[in-house]
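Asker: Sharing a structure here in structure tokens format.
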Amino acid sequence: MWQEPGVVGVLLVGAFLTTLALTVDFPRKAVGFQGDEATYYVLGHSLAEDFDFEYRRADLVRVWREFPSGPQGIFLKEGKDVELALTSEFPFAQRIKHDDPDRGERLYISKAFIYPLVAAPFIFFLGTNGFLVLHAILFTLCLGAGYAFLRTRTSSITAFAFAMAFLFASVVPVYFVWLTPELFNFALLLLGIFLWCYKEVASPLVPSRHLKDEWGRFLRADASTWLGVALLGVATFSKPTNVFALMPLVALSLLRRQWKRACLTTVVFTVVVGGLFAMNAVITGEFNYQGGYRATFYADNGFPFLTEDRTFRNSGLRRATDTVPTDVLFNRGALLTVFPHNVVYFVFGRHTGLVPYFFPGVLIVLLFLWAGRQRREGFQWLVAGTILLGALTLLLYMPFTYSGGGAPVGNRYFLPYYGLFLFVAPALFSARSALTAMTVGGLFCGQLVIDPFYTSFYPWAHPQRALFRWLPVELSLINDLPVNVQPSRAKVKLSGNPPLVAYFLDDQVYKLEPNAWFWIRGEGTAEILLRAPVWIPSPDGPRPARLGALLINLMSGELPTTVRIDTGVERLEVALTENAFKEVRVQMPRGFPYKPMPGEPLNYIYRLKLSSSAGFFPLFTMPGSRDPRFLGARVRLTPLYR
């Protein structure tokens, strides 16, 4: 084992990650909770310290020790007491649910419990850093599995180099510091598929009594497949959209007419998934951990049990997920306009695309398609089909939230499927492939990986820099874009009756001034998304507002400048002398249809680019001024609705 450079490399990386996980001051580095972190943090500590699945006031006190801002964004639900009553009709039994008699003092976490349950032993001994130690172990196992699979396709050095590029030249390391199941689910899918498909590419084992060979025999035996199926079942309970990862295992058995194997695979998977959902029903009274009376909580409205007057019912935002939003999924705009755009966004999107955040996987697909038939295995087509099916499911079922919501970095919902790209790698790829993956992936993700805490807390910073500026902005995800974590730059009301709403995607726009004026930065380009009002009066009653044109007022400052305007259908250059004013009218496109939630009316999104060729510092050009901004042109946007 020690003669394999790749094995030594995996162990070194694992040692480094473990020491990092043990020594980092997580509460100070993390600043606050990201996404759903508070939910898993509370349940993990409750399992480790109270040995229960409940949320009580003591859990709230525990959060305050490390995070005085409280469990921002925690998902909770009321439990149910369940009894079985005999009936005279099939199936001769009925589940009857009653309100939890102790609901005034306890609630339950409304997320899958499996990730914090696995993390609980580490939290018991190591505190919050136990989450990160679990991540270090999972990350090392993924690196080792990736190396072992690639080693069957190429040399030891090349296999290790590409495995490193696959993980580190992507967004995956950012989620190493997230206390959420993204990395957990990623590892389960990667390891589950590895345990199944390694035997498809491994060379015959020469008999010996070495420990390494014992492990090799296990990987070539059926037992490893059943373990892999169980891991996929756990991943599906954790995130039901992971269910498609089972497809290649069953499909390959069916193609080979191994009927018994296909049935046994399905049974093992079903038992694991069903058993975990049944366990959830025993704990909370509900099979669906996201169903029932479910709500999320923030400091603005308070947390349950924080004070005597703060209860579950009067302090949360209702967020049940137990229905299919048919009016969102099957309207004409979602299928004919949103879906084609989402396909482009999914691959090239600035905030969620495969190319910027998962480039090594994209390169593997290109190598696979380029490779000859003798360098590809049959099962790899099934794995590739699974990746495609997982992607299409997200785009069709979650057209306005396919990236995961909560201002994620990259596409966190698709992250588990990224691990499957590894098993599409053809045989005999060269070190140049690893170098390409690391170089191009590093151009996008290097700045993210070098400081994952900063990237996570300021997710809006990197998309406005470097190569990301060349990529399209995902209009369908306007409410989930990272800019939404900055209240001064998201949902900003401009002029108009009713007013237009703006999302300033970068720091090229300064803070809004009175009467809806704002300055754009000198020598820079500002990208702005405009959202038309949901309703506007008309003779036929309220209807979704649509922009026909935009009236743009421009003012220069101490220096002359040229303002460039791009609406997507019209481009215009406006020359301004110093301290000048001009008003221009520009045409707007048809707009991008946006209907993210059931019951909400349709509205439309527009993109606008503004740039100023010159700029000045009032601090240096205006006597007595202390304004350090680099000002280009002052702008006011007035909508002209159709």
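Letters A, B, ... mark the chains of the structure tokens in the order given; residue numbers begin at 1 per chain; ligand numbers begin at 1, in order shown.
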Quick one: contact table of stretch 441-532 of chain A to stretch 606-613 of chain A, 6 Å max, nearest atom pair and distance in Å to one decimal per residue, counting only C-alpha atoms, chain and number order, as a Markdown table?
Answerer:
| residue | atom | partner | partner_atom | distance |
| --- | --- | --- | --- | --- |
| A:Gly522 | CA | A:Ser612 | CA | 5.5 |
| A:Glu523 | CA | A:Ser613 | CA | 4.8 |
| A:Gly524 | CA | A:Ser611 | CA | 5.6 |
| A:Thr525 | CA | A:Ser611 | CA | 4.2 |
| A:Ala526 | CA | A:Leu610 | CA | 5.2 |
| A:Glu527 | CA | A:Lys609 | CA | 4.7 |
| A:Ile528 | CA | A:Leu608 | CA | 5.1 |
| A:Leu529 | CA | A:Arg607 | CA | 4.7 |
| A:Leu530 | CA | A:Tyr606 | CA | 5.0 |
Asker: Take the residues that were just selected and, keeping C-alpha atoms, output them as a PDB file, in the first residue's frame.
Answerer:
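Result written to selection_6.pdb:
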ATOM      1  CA  GLY A 522     -16.981  55.054 -12.882  1.00  0.00           C
ATOM      2  CA  GLU A 523     -15.289  52.939 -15.562  1.00  0.00           C
ATOM      3  CA  GLY A 524     -17.482  49.995 -14.604  1.00  0.00           C
ATOM      4  CA  THR A 525     -20.488  48.038 -15.837  1.00  0.00           C
ATOM      5  CA  ALA A 526     -23.498  47.539 -13.600  1.00  0.00           C
ATOM      6  CA  GLU A 527     -25.830  44.602 -14.150  1.00  0.00           C
ATOM      7  CA  ILE A 528     -29.360  45.076 -12.877  1.00  0.00           C
ATOM      8  CA  LEU A 529     -32.360  42.771 -12.855  1.00  0.00           C
ATOM      9  CA  LEU A 530     -35.727  44.517 -12.965  1.00  0.00           C
TER      10      LEU A 530
END
Asker: For stretch 427-432 of chain A, list every protein, DNA or RNA residue within 7 Å, evaluated using only C-alpha atoms, and leave out those in the same chain fewer than 3 positions away; present the list as number ranges by chain.
Answerer: A: 153-154, 158, 375-376, 435-436
Asker: Neighbours of A:Gly192 within 6 Å (only C-alpha atoms; same-chain residues fewer than 5 positions away dropped), as a PyMOL selection string?
Answerer: chain A and resi 228+231-232
Asker: For the residues in the current selection, export N, CA and C atoms as a PDB file, in the first residue's frame.
Answerer:
ATOM      1  N   GLY A 228     -23.498  -0.698  -1.005  1.00  0.00           N
ATOM      2  CA  GLY A 228     -23.704   0.477  -1.851  1.00  0.00           C
ATOM      3  C   GLY A 228     -25.172   0.812  -2.011  1.00  0.00           C
ATOM      4  N   LEU A 231     -26.389   2.529   1.080  1.00  0.00           N
ATOM      5  CA  LEU A 231     -25.967   3.933   1.131  1.00  0.00           C
ATOM      6  C   LEU A 231     -26.843   4.798   0.234  1.00  0.00           C
ATOM      7  N   LEU A 232     -27.201   4.271  -0.930  1.00  0.00           N
ATOM      8  CA  LEU A 232     -28.090   5.026  -1.820  1.00  0.00           C
ATOM      9  C   LEU A 232     -29.472   5.196  -1.193  1.00  0.00           C
TER      10      LEU A 232
END
Asker: Pull the closest atom pair for each residue of stretch 458-494 of chain A that gets at most 10 Å from stretch 334-355 of chain A, along with the distance in Å to one decimal, counting only C-alpha atoms, ordering rows by chain and then ascending residue number, as a tab-separated table.
Answerer:
residue	atom	partner	partner_atom	distance
A:Pro459	CA	A:His351	CA	9.2
A:Trp460	CA	A:His351	CA	8.9
A:His462	CA	A:His351	CA	9.2
A:Pro463	CA	A:Arg350	CA	6.4
A:Gln464	CA	A:Arg350	CA	9.0
A:Leu467	CA	A:Arg350	CA	9.0
A:Phe468	CA	A:Arg350	CA	5.6
A:Arg469	CA	A:Arg350	CA	7.3
A:Trp470	CA	A:Arg350	CA	7.9
A:Leu471	CA	A:Arg350	CA	5.0
A:Pro472	CA	A:Gly349	CA	5.3
A:Val473	CA	A:Arg350	CA	5.5
A:Glu474	CA	A:Tyr345	CA	5.8
A:Leu475	CA	A:His341	CA	8.6
A:Ser476	CA	A:Val338	CA	6.9
A:Leu477	CA	A:His351	CA	9.3
A:Asp480	CA	A:His351	CA	9.8
A:Leu481	CA	A:His351	CA	7.3
A:Pro482	CA	A:His351	CA	8.0
Asker: Tell me, which residues of stretch 72-148 of chain A carry DSSP helix (DSSP H, G or I), written as number ranges by chain?
Answerer: A: 114-126, 129-148
Asker: For A:Arg636, please output as an mmCIF file with C-alpha atoms, in the first residue's frame all residues within 7 Å (counting only C-alpha atoms; exclusion window: fewer than 3 positions along the same chain).
Answerer:
data_model
loop_
_atom_site.group_PDB
_atom_site.id
_atom_site.type_symbol
_atom_site.label_atom_id
_atom_site.label_comp_id
_atom_site.auth_asym_id
_atom_site.auth_seq_id
_atom_site.Cartn_x
_atom_site.Cartn_y
_atom_site.Cartn_z
ATOM 1 C CA ALA A 516 -34.933 56.588 -6.581
ATOM 2 C CA TRP A 517 -31.680 58.015 -7.977
ATOM 3 C CA PHE A 518 -28.484 55.982 -7.813
ATOM 4 C CA ILE A 552 -33.798 56.643 -18.106
ATOM 5 C CA ASN A 553 -32.681 59.951 -16.570
ATOM 6 C CA LEU A 554 -28.915 60.465 -16.636
#
Asker: Counting only C-alpha atoms, which residue out of A:Glu308, A:Gly568, A:Gln290, A:Trp226 sits closest to A:Val268?
Answerer: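 Going through A:Glu308, A:Gly568, A:Gln290, A:Trp226 one by one, the smallest distance to A:Val268 is for A:Trp226.
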Asker: Quote the spacing between atom CA of A:Tyr293 and atom CA of A:Glu78 in Å to one decimal place.
Answerer: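 Rounded to one decimal, the two atoms are 6.2 Å apart.
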Asker: So, counting only C-alpha atoms, which residue among A:Phe176, A:Phe244, A:Phe166, A:Phe359 is closest to A:Ser456?
Answerer: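 Distance minimum relative to A:Ser456 lands on A:Phe176.
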Asker: In stretch 168-320 of chain A, what's strand (DSSP E) per DSSP? Answer as a PDB file with N, CA and C atoms, in the first residue's frame?
Answerer:
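Below is the file that was written, out.pdb:
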ATOM      1  N   ARG A 294     -45.654  22.928   9.450  1.00  0.00           N
ATOM      2  CA  ARG A 294     -44.206  23.164   9.420  1.00  0.00           C
ATOM      3  C   ARG A 294     -43.947  24.648   9.219  1.00  0.00           C
ATOM      4  N   ALA A 295     -42.924  25.169   9.875  1.00  0.00           N
ATOM      5  CA  ALA A 295     -42.633  26.599   9.752  1.00  0.00           C
ATOM      6  C   ALA A 295     -41.146  26.835   9.933  1.00  0.00           C
ATOM      7  N   THR A 296     -40.698  27.998   9.443  1.00  0.00           N
ATOM      8  CA  THR A 296     -39.310  28.409   9.631  1.00  0.00           C
ATOM      9  C   THR A 296     -39.295  29.693  10.456  1.00  0.00           C
ATOM     10  N   PHE A 297     -38.200  29.898  11.196  1.00  0.00           N
ATOM     11  CA  PHE A 297     -38.174  30.966  12.195  1.00  0.00           C
ATOM     12  C   PHE A 297     -36.915  31.815  12.071  1.00  0.00           C
ATOM     13  N   LEU A 317     -42.988  31.292   9.903  1.00  0.00           N
ATOM     14  CA  LEU A 317     -43.515  31.412   8.548  1.00  0.00           C
ATOM     15  C   LEU A 317     -43.875  30.012   8.071  1.00  0.00           C
ATOM     16  N   ARG A 318     -45.125  29.795   7.706  1.00  0.00           N
ATOM     17  CA  ARG A 318     -45.597  28.466   7.319  1.00  0.00           C
ATOM     18  C   ARG A 318     -44.882  28.004   6.060  1.00  0.00           C
TER      19      ARG A 318
END
Asker: Which is closer to A:Thr284 than all the others in A:Ala235, A:Leu246, A:Leu392, A:Ala112, using only C-alpha atoms?
Answerer: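 Answer, going by the shortest atom-to-atom distance: A:Ala112.
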Asker: Residues at most 8 Å from A:Asn603, counting only C-alpha atoms, excluding those fewer than 5 positions away in the same chain, as a VMD selection string?
Answerer: chain A and resid 531 to 535 544 to 546 593 to 595
Asker: Got a sec: who's within 9 Å of A:Gly146, counting only C-alpha atoms, leaving out chain neighbours fewer than 2 positions off, as a list in words?
Answerer: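 Non-adjacent residues within range: Leu141, Cys142, Leu143, Gly144, Ala148, Phe149, Leu150, Arg151, Ala159, Phe160, Phe162, Ala163, Met164, Phe166, Leu190, Leu191, Phe194, Gly419, Leu422 and Phe423 of chain A.
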Asker: As a list in words, please: the residues near A:Ala549 (cut-off 6 Å, only C-alpha atoms, same-chain neighbours under 6 positions excluded).
Answerer: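 In the requested format, the answer is Val586, Gln587, Met588 and Leu640 of chain A.
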